[in-house]
$ cat protein-v9.csv   # CSV, C-alpha atoms
chain,number,residue,atom,x,y,z
A,1,MET,CA,90.1,155.5,-212.0
A,2,LYS,CA,87.5,152.9,-212.7
A,3,ARG,CA,89.9,150.8,-214.5
A,4,LEU,CA,92.2,150.9,-211.4
A,5,PHE,CA,89.3,149.4,-209.4
A,6,LEU,CA,89.2,146.5,-211.7
A,7,PHE,CA,92.8,145.6,-210.7
A,8,LEU,CA,92.0,145.8,-207.0
A,9,PRO,CA,91.4,142.0,-206.7
A,10,VAL,CA,94.7,141.2,-208.4
A,11,ILE,CA,96.5,143.6,-206.1
A,12,LEU,CA,94.8,142.1,-203.1
A,13,VAL,CA,95.8,138.6,-204.1
A,14,ILE,CA,99.4,139.6,-204.7
A,15,VAL,CA,99.6,141.3,-201.3
A,16,LEU,CA,98.1,138.3,-199.6
A,17,GLY,CA,100.6,136.1,-201.5
A,18,VAL,CA,103.6,138.1,-200.3
A,19,VAL,CA,102.4,138.0,-196.7
A,20,LEU,CA,101.8,134.3,-196.8
A,21,PHE,CA,105.1,133.6,-198.6
A,22,ALA,CA,107.0,135.5,-195.9
A,23,GLY,CA,105.6,133.1,-193.3
A,24,ILE,CA,106.9,130.0,-195.2
A,25,GLY,CA,109.9,128.4,-193.5
A,26,LYS,CA,109.4,130.3,-190.2
A,27,ASP,CA,109.4,127.9,-187.3
A,28,PRO,CA,106.2,128.6,-185.4
A,29,ASN,CA,107.5,126.6,-182.5
A,30,ARG,CA,110.1,129.2,-181.6
A,31,LEU,CA,108.5,131.6,-179.1
A,32,GLU,CA,110.2,134.7,-177.8
A,33,SER,CA,110.7,134.5,-174.1
A,34,ALA,CA,108.4,136.7,-172.0
A,35,LEU,CA,111.4,137.4,-169.8
A,36,ILE,CA,113.6,139.3,-172.3
A,37,GLY,CA,114.8,142.4,-170.5
A,38,LYS,CA,113.8,141.1,-167.1
A,39,PRO,CA,115.9,139.6,-164.4
A,40,VAL,CA,116.2,135.8,-164.0
A,41,PRO,CA,113.3,134.8,-161.6
A,42,ALA,CA,114.4,134.4,-158.0
A,43,PHE,CA,115.4,130.8,-157.2
A,44,ASN,CA,117.2,128.8,-154.5
A,45,LEU,CA,118.5,125.5,-155.9
A,46,SER,CA,121.3,123.2,-154.9
A,47,ASP,CA,124.5,122.6,-156.9
A,48,LEU,CA,124.3,119.5,-158.9
A,49,ALA,CA,127.8,118.5,-157.9
A,50,ASP,CA,127.3,119.4,-154.2
A,51,ALA,CA,123.9,118.9,-152.7
A,52,GLU,CA,124.9,120.9,-149.6
A,53,ARG,CA,125.7,124.0,-151.6
A,54,GLN,CA,122.7,126.4,-152.3
A,55,LEU,CA,122.8,128.6,-155.3
A,56,ASP,CA,120.8,131.7,-156.1
A,57,GLY,CA,120.7,134.5,-158.7
A,58,GLU,CA,124.1,135.6,-157.7
A,59,VAL,CA,125.7,133.0,-159.9
A,60,PHE,CA,124.9,135.2,-162.9
A,61,ARG,CA,126.6,138.3,-161.5
A,62,GLY,CA,129.7,139.9,-163.0
A,63,GLU,CA,130.0,138.0,-166.2
A,64,VAL,CA,127.9,137.2,-169.3
A,65,SER,CA,126.6,133.6,-169.1
A,66,LEU,CA,124.7,131.2,-171.1
A,67,LEU,CA,122.0,129.4,-169.1
A,68,ASN,CA,121.6,126.0,-170.7
A,69,VAL,CA,118.5,123.9,-169.8
A,70,TRP,CA,119.2,120.2,-170.1
A,71,GLY,CA,118.3,116.7,-168.8
A,72,THR,CA,119.6,113.2,-169.4
A,73,TRP,CA,116.2,112.3,-170.7
A,74,CYS,CA,116.5,114.7,-173.6
A,75,PRO,CA,118.1,113.3,-176.8
A,76,ALA,CA,118.6,116.8,-178.3
A,77,CYS,CA,120.7,117.7,-175.3
A,78,ARG,CA,123.1,114.9,-176.1
A,79,ASP,CA,123.2,116.3,-179.6
A,80,GLU,CA,124.3,119.7,-178.6
A,81,HIS,CA,126.6,118.6,-175.8
A,82,ASP,CA,129.8,118.5,-177.9
A,83,ASP,CA,129.1,122.0,-179.1
A,84,LEU,CA,128.7,123.2,-175.6
A,85,LEU,CA,132.0,121.7,-174.7
A,86,TRP,CA,133.5,123.5,-177.7
A,87,LEU,CA,132.0,126.8,-176.6
A,88,ALA,CA,133.2,126.4,-173.0
A,89,GLU,CA,136.7,125.3,-173.8
A,90,ASP,CA,137.6,127.0,-177.1
A,91,LYS,CA,135.5,130.1,-176.9
A,92,GLY,CA,135.8,130.6,-173.1
A,93,VAL,CA,132.1,131.1,-172.7
A,94,ARG,CA,130.7,130.8,-169.2
A,95,ILE,CA,127.9,128.3,-169.3
A,96,ILE,CA,125.6,127.7,-166.3
A,97,GLY,CA,123.7,124.4,-166.5
A,98,LEU,CA,120.1,124.0,-165.4
A,99,ASN,CA,119.5,120.3,-164.9
A,100,TYR,CA,115.8,120.1,-165.5
A,101,LYS,CA,113.5,117.4,-164.2
A,102,ASP,CA,116.2,114.9,-163.9
A,103,ASN,CA,117.9,113.0,-161.1
A,104,ARG,CA,121.3,113.7,-159.6
A,105,GLU,CA,122.9,110.3,-160.2
A,106,ASP,CA,122.1,110.1,-163.9
A,107,ALA,CA,123.1,113.7,-164.5
A,108,LEU,CA,126.5,113.3,-162.7
A,109,VAL,CA,127.2,110.1,-164.7
A,110,TRP,CA,126.3,111.9,-167.9
A,111,LEU,CA,128.7,114.8,-167.2
A,112,GLU,CA,131.5,112.4,-166.2
A,113,ARG,CA,131.1,110.4,-169.3
A,114,LEU,CA,130.6,113.2,-171.8
A,115,GLY,CA,132.6,116.0,-170.2
A,116,ASP,CA,131.3,119.0,-168.2
A,117,PRO,CA,131.0,122.3,-170.1
A,118,TYR,CA,129.2,124.0,-167.1
A,119,ALA,CA,130.9,126.4,-164.8
A,120,VAL,CA,128.2,125.3,-162.3
A,121,THR,CA,125.0,123.3,-162.7
A,122,LEU,CA,121.8,124.1,-160.9
A,123,TYR,CA,119.8,121.1,-159.9
A,124,ASP,CA,116.1,121.5,-160.5
A,125,PRO,CA,114.5,118.1,-160.2
A,126,ARG,CA,110.9,119.5,-159.9
A,127,GLY,CA,111.4,122.0,-162.7
A,128,THR,CA,110.5,125.0,-160.6
A,129,LEU,CA,113.0,127.4,-162.0
A,130,GLY,CA,112.3,125.9,-165.4
A,131,PHE,CA,108.6,126.8,-165.0
A,132,ASP,CA,109.4,130.3,-163.9
A,133,LEU,CA,111.6,130.8,-166.9
A,134,GLY,CA,108.9,129.6,-169.2
A,135,VAL,CA,110.9,126.6,-170.4
A,136,TYR,CA,108.6,124.5,-172.6
A,137,GLY,CA,111.0,122.1,-174.1
A,138,ALA,CA,114.7,121.3,-173.4
A,139,PRO,CA,117.2,122.1,-174.6
A,140,GLU,CA,116.8,125.9,-174.2
A,141,THR,CA,119.7,128.3,-173.9
A,142,TYR,CA,119.4,131.8,-172.5
A,143,VAL,CA,121.9,134.7,-172.7
A,144,ILE,CA,122.1,136.3,-169.3
A,145,ASP,CA,124.0,139.6,-168.9
A,146,PRO,CA,126.3,140.5,-166.0
A,147,GLU,CA,123.4,142.1,-164.2
A,148,GLY,CA,121.4,138.9,-164.3
A,149,ILE,CA,119.0,140.2,-166.9
A,150,VAL,CA,117.7,137.8,-169.6
A,151,ARG,CA,118.7,139.0,-173.0
A,152,HIS,CA,117.8,136.2,-175.4
A,153,ARG,CA,116.4,132.8,-175.5
A,154,HIS,CA,117.2,130.1,-178.0
A,155,VAL,CA,114.8,127.1,-178.1
A,156,GLY,CA,116.4,124.0,-179.5
A,157,VAL,CA,119.9,122.7,-180.2
A,158,VAL,CA,122.9,125.1,-180.0
A,159,ASN,CA,125.5,124.5,-182.7
A,160,GLU,CA,128.1,126.5,-184.5
A,161,LYS,CA,125.6,128.2,-186.7
A,162,VAL,CA,123.3,129.3,-183.8
A,163,TRP,CA,126.3,130.5,-181.9
A,164,LYS,CA,127.6,132.6,-184.8
A,165,GLU,CA,124.3,134.1,-185.8
A,166,ASP,CA,122.3,134.4,-182.6
A,167,LEU,CA,124.4,134.0,-179.4
A,168,GLU,CA,127.9,135.4,-180.2
A,169,PRO,CA,126.8,138.9,-181.1
A,170,LEU,CA,124.9,139.3,-177.9
A,171,VAL,CA,127.6,137.7,-175.7
A,172,THR,CA,130.1,140.0,-177.3
A,173,ARG,CA,127.9,143.1,-176.8
A,174,TYR,CA,127.3,142.5,-173.1
A,175,ARG,CA,130.8,141.5,-172.5
A,176,GLU,CA,132.0,144.9,-173.8
A,177,GLY,CA,129.3,146.6,-171.8
A,178,ALA,CA,130.6,145.1,-168.6
B,179,MET,CA,66.4,101.2,-188.6
B,180,ALA,CA,69.8,102.0,-190.1
B,181,ARG,CA,69.6,105.6,-188.8
B,182,TRP,CA,68.7,104.3,-185.4
B,183,PHE,CA,71.7,102.0,-185.5
B,184,ALA,CA,74.0,104.9,-186.5
B,185,MET,CA,72.7,107.0,-183.6
B,186,CYS,CA,73.6,104.2,-181.2
B,187,LEU,CA,77.0,103.9,-182.7
B,188,LEU,CA,77.6,107.7,-182.3
B,189,LEU,CA,76.4,107.6,-178.7
B,190,ALA,CA,78.7,104.7,-177.9
B,191,MET,CA,81.7,106.7,-179.3
B,192,LEU,CA,80.9,109.8,-177.2
B,193,PRO,CA,82.7,108.9,-173.9
B,194,GLN,CA,86.0,108.5,-175.8
B,195,THR,CA,86.2,112.2,-176.3
B,196,VAL,CA,87.4,113.0,-172.8
B,197,SER,CA,90.3,115.5,-172.4
B,198,ALA,CA,93.7,114.7,-171.1
B,199,ASP,CA,93.1,116.3,-167.7
B,200,GLU,CA,90.4,113.8,-166.9
B,201,ALA,CA,93.3,111.5,-166.2
B,202,ASN,CA,94.3,113.5,-163.2
B,203,VAL,CA,91.2,115.1,-161.8
B,204,GLN,CA,92.1,117.5,-159.0
B,205,GLY,CA,90.2,117.6,-155.8
B,206,PHE,CA,87.9,120.6,-155.4
B,207,ASP,CA,85.7,121.8,-152.6
B,208,ASN,CA,82.7,122.6,-154.7
B,209,LEU,CA,81.4,122.3,-158.2
B,210,ALA,CA,81.8,126.0,-159.0
B,211,GLU,CA,85.5,125.8,-158.3
B,212,GLU,CA,85.9,122.8,-160.5
B,213,GLN,CA,83.9,124.6,-163.3
B,214,ARG,CA,86.2,127.6,-162.9
B,215,TYR,CA,89.3,125.3,-163.1
B,216,ARG,CA,88.0,123.7,-166.3
B,217,GLU,CA,87.3,127.1,-167.9
B,218,LEU,CA,90.7,128.4,-167.0
B,219,ILE,CA,92.6,125.4,-168.4
B,220,SER,CA,90.5,125.4,-171.5
B,221,GLU,CA,91.4,129.0,-172.4
B,222,LEU,CA,95.1,128.6,-171.9
B,223,ARG,CA,97.2,127.5,-174.7
B,224,CYS,CA,100.0,124.9,-174.5
B,225,PRO,CA,103.3,126.4,-175.6
B,226,LYS,CA,104.7,123.0,-176.6
B,227,CYS,CA,101.9,121.4,-178.6
B,228,GLN,CA,100.6,124.5,-180.2
B,229,ASN,CA,96.9,124.7,-181.1
B,230,GLN,CA,95.9,122.6,-178.1
B,231,ASN,CA,94.8,124.1,-174.8
B,232,ILE,CA,96.4,122.8,-171.7
B,233,ALA,CA,93.2,120.9,-170.8
B,234,ASP,CA,93.6,118.7,-173.9
B,235,SER,CA,97.4,118.5,-174.1
B,236,ASN,CA,99.3,115.6,-172.7
B,237,ALA,CA,102.7,117.4,-172.8
B,238,PRO,CA,104.5,117.6,-169.5
B,239,ILE,CA,104.6,121.3,-169.6
B,240,SER,CA,100.8,121.4,-169.9
B,241,LYS,CA,100.5,119.2,-166.8
B,242,ASP,CA,102.8,121.6,-164.9
B,243,MET,CA,100.7,124.5,-166.1
B,244,ARG,CA,97.5,122.7,-164.9
B,245,ASP,CA,99.1,122.1,-161.6
B,246,ALA,CA,100.1,125.7,-161.3
B,247,VAL,CA,96.6,126.9,-162.1
B,248,TYR,CA,95.3,124.5,-159.4
B,249,LEU,CA,97.7,125.6,-156.8
B,250,MET,CA,97.1,129.3,-157.5
B,251,MET,CA,93.4,128.6,-157.2
B,252,GLN,CA,93.9,127.0,-153.8
B,253,ASP,CA,95.8,130.1,-152.8
B,254,GLY,CA,92.8,132.2,-153.7
B,255,ALA,CA,94.2,133.9,-156.7
B,256,SER,CA,91.8,135.6,-159.1
B,257,ASP,CA,91.4,134.5,-162.7
B,258,ASP,CA,93.3,137.5,-163.9
B,259,ALA,CA,96.1,136.9,-161.5
B,260,ILE,CA,96.4,133.2,-162.6
B,261,VAL,CA,96.4,134.0,-166.3
B,262,GLY,CA,98.8,136.9,-165.7
B,263,ALA,CA,101.2,134.7,-163.8
B,264,LEU,CA,101.4,132.3,-166.8
B,265,VAL,CA,101.6,135.1,-169.3
B,266,ASP,CA,104.6,136.5,-167.3
B,267,ARG,CA,106.4,133.2,-167.8
B,268,PHE,CA,105.3,132.0,-171.2
B,269,GLY,CA,104.2,135.1,-173.0
B,270,GLU,CA,101.0,136.4,-174.4
B,271,PHE,CA,101.1,133.4,-176.6
B,272,VAL,CA,99.4,131.2,-174.0
B,273,ARG,CA,96.2,133.2,-174.1
B,274,TYR,CA,93.5,132.0,-176.5
B,275,ASN,CA,91.8,135.3,-175.6
B,276,PRO,CA,94.4,138.0,-175.9
B,277,GLU,CA,93.9,141.4,-174.4
B,278,VAL,CA,93.3,144.4,-176.7
B,279,ASP,CA,96.6,146.4,-176.9
B,280,ARG,CA,98.6,147.9,-179.7
B,281,ARG,CA,99.9,144.6,-181.0
B,282,THR,CA,96.5,142.8,-181.0
B,283,PHE,CA,94.4,145.8,-182.0
B,284,LEU,CA,94.4,144.8,-185.7
B,285,LEU,CA,93.5,141.2,-184.7
B,286,TRP,CA,90.4,142.4,-182.8
B,287,ALA,CA,89.5,145.2,-185.2
B,288,THR,CA,89.7,143.2,-188.5
B,289,PRO,CA,86.2,141.8,-188.4
B,290,ALA,CA,84.7,145.3,-187.7
B,291,ILE,CA,87.0,146.8,-190.4
B,292,THR,CA,85.9,144.1,-192.9
B,293,VAL,CA,82.2,144.6,-192.2
B,294,GLY,CA,82.7,148.4,-192.5
B,295,ILE,CA,84.4,148.0,-195.9
B,296,GLY,CA,81.6,145.7,-197.0
B,297,LEU,CA,78.9,148.2,-195.9
B,298,LEU,CA,80.7,151.0,-197.8
B,299,VAL,CA,80.9,148.9,-201.0
B,300,VAL,CA,77.3,147.9,-200.8
B,301,GLY,CA,76.2,151.4,-200.0
B,302,GLY,CA,78.2,152.8,-202.9
B,303,ILE,CA,76.6,150.3,-205.3
B,304,VAL,CA,73.1,151.1,-204.0
B,305,ILE,CA,73.6,154.9,-204.2
B,306,ARG,CA,75.2,154.7,-207.7
B,307,SER,CA,72.4,152.5,-209.1
B,308,ARG,CA,69.8,154.7,-207.6
B,309,ARG,CA,71.3,157.8,-209.2
B,310,ARG,CA,71.5,156.0,-212.5
B,311,GLY,CA,67.8,155.0,-212.1
B,312,GLU,CA,66.9,158.6,-211.6
B,313,GLN,CA,68.7,159.8,-214.7
B,314,GLY,CA,67.0,157.1,-216.7
B,315,ALA,CA,63.6,158.2,-215.6
B,316,SER,CA,64.0,161.8,-216.7
B,317,LEU,CA,63.1,162.1,-220.4
B,318,THR,CA,62.9,165.2,-222.5
B,319,SER,CA,59.4,166.1,-223.6
B,320,GLU,CA,60.2,165.0,-227.1
B,321,GLU,CA,61.3,161.6,-225.9
B,322,GLN,CA,58.2,161.4,-223.8
B,323,ALA,CA,56.0,162.0,-226.8
B,324,ARG,CA,57.8,159.3,-228.7
B,325,VAL,CA,57.3,156.9,-225.9
B,326,SER,CA,53.6,157.5,-225.9
B,327,ARG,CA,53.5,157.0,-229.7
B,328,LEU,CA,55.5,153.8,-229.4
B,329,LEU,CA,53.2,152.5,-226.7
B,330,ALA,CA,50.2,153.4,-228.7
B,331,GLY,CA,51.7,151.4,-231.6
B,332,GLU,CA,51.8,154.3,-234.1
B,333,ASP,CA,55.5,154.3,-234.6
B,334,ARG,CA,55.7,150.7,-235.6
B,335,ASN,CA,56.0,151.4,-239.3
B,336,SER,CA,57.8,154.7,-239.3
B,337,HIS,CA,61.3,153.1,-239.2
B,338,SER,CA,60.7,150.1,-241.3
$ encode --input "protein-v9.csv" --output "structure tokens"
Amino acid sequence: MKRLFLFLPVILVIVLGVVLFAGIGKDPNRLESALIGKPVPAFNLSDLADAERQLDGEVFRGEVSLLNVWGTWCPACRDEHDDLLWLAEDKGVRIIGLNYKDNREDALVWLERLGDPYAVTLYDPRGTLGFDLGVYGAPETYVIDPEGIVRHRHVGVVNEKVWKEDLEPLVTRYREGA
Amino acid sequence: MARWFAMCLLLAMLPQTVSADEANVQGFDNLAEEQRYRELISELRCPKCQNQNIADSNAPISKDMRDAVYLMMQDGASDDAIVGALVDRFGEFVRYNPEVDRRTFLLWATPAITVGIGLLVVGGIVIRSRRRGEQGASLTSEEQARVSRLLAGEDRNSHS
């Protein structure tokens, strides 16, 4: 028994080592959204393509959507744009854009030049919906179920790997549920 | 002289340590409100540039959060309501001073647990050494007699 006590420091160090090792490589900048399981916050924003048309939470009803937060000022958004086009065209994913802290002219030029993966884009120049969603850095992509409930948030660029590992399983699950 | 010069140098550097929010000082009705604002933004954490509070951070999101705190204060919201509104959006992460609940229990209790374990260990050592001391003190009458002889110097030659 006494001899066992002598090994206590070694055991403690090993346990600490395992705990610290598990943390290596984890990205501390990825935070889980506070809105998981909650509805998308209420909003009333105009359509990017049509300033007269007002949109609200109804745009998420009836079908699983990805909500993609982007802006023309955001280099990483350019980076993921082709992958979003691929998702929308080849995979038939419904993507709602949230044009965040941007201006309408630049955003429309961007979509015309690069292609438009969005079923519809919400225009949020002051970042109000972004703030309510807890957006802290574009690009961010949310999985919204057909009831308008936030199911997942991905911070950072969406690519094939992220789609396969994080987004597709959820999209498939909530599609089947609908 | 050199020390005096160093002091002056340090004093001259002091005003440079202003926080980011000095750049956009908000208007307040009174000093108490401004003080409250400063306390609130200093205990909220920036989700973008982690390990900075929103008072020190220059990130756009921190500015938005400062503005939101200011606006909510103007609406007469309580401190709890303001912090709660931000936690609802950005998660418990933004609190430098998290509430005690099931998840943070260990975080809060670790200092007390550590001190408790330390006290147990020290107590154990003290009790054990005291017990040993008592055992050492109790000699049989034969040993006691030998001790007296040794102390008197009679035993010096008996073993040599």
$ atom_distance --input "protein-v9.csv" --atom1 "CA of Leu170 (chain A)" --atom2 "CA of Asn68 (chain A)"
15.5 Å
$ interface_residues --input "protein-v9.csv" --of "chain A" --to "chain B" --cutoff "10 Å" --atoms "all atoms listed in the file" --output "PyMOL selection string"
chain A and resi 28-35+41+126-128+130-137
$ residues_around --input "protein-v9.csv" --residues "region 45-61 of chain A" --least-positions-apart "6" --cutoff "12 Å" --atoms "all atoms listed in the file" --output "MDAnalysis selection string"
chainID A and resid 39 67 71 94:100 102:112 116 118:130 142:150 178
$ closest_residue --input "protein-v9.csv" --among "A:Asp27, A:Glu63, A:Asp90, A:Glu140" --to "Glu176 (chain A)" --atoms "all atoms listed in the file"
A:Glu63
$ residues_around --input "protein-v9.csv" --residues "Asp83 (chain A)" --least-positions-apart "2" --cutoff "8 Å" --atoms "all atoms listed in the file" --output "MDAnalysis selection string"
chainID A and resid 80:81 85:87 158:160
$ closest_residue --input "protein-v9.csv" --among "A:Leu114, A:Thr141, A:Ser65, A:Ala76" --to "Thr172 (chain A)" --atoms "only C-alpha atoms"
A:Ser65
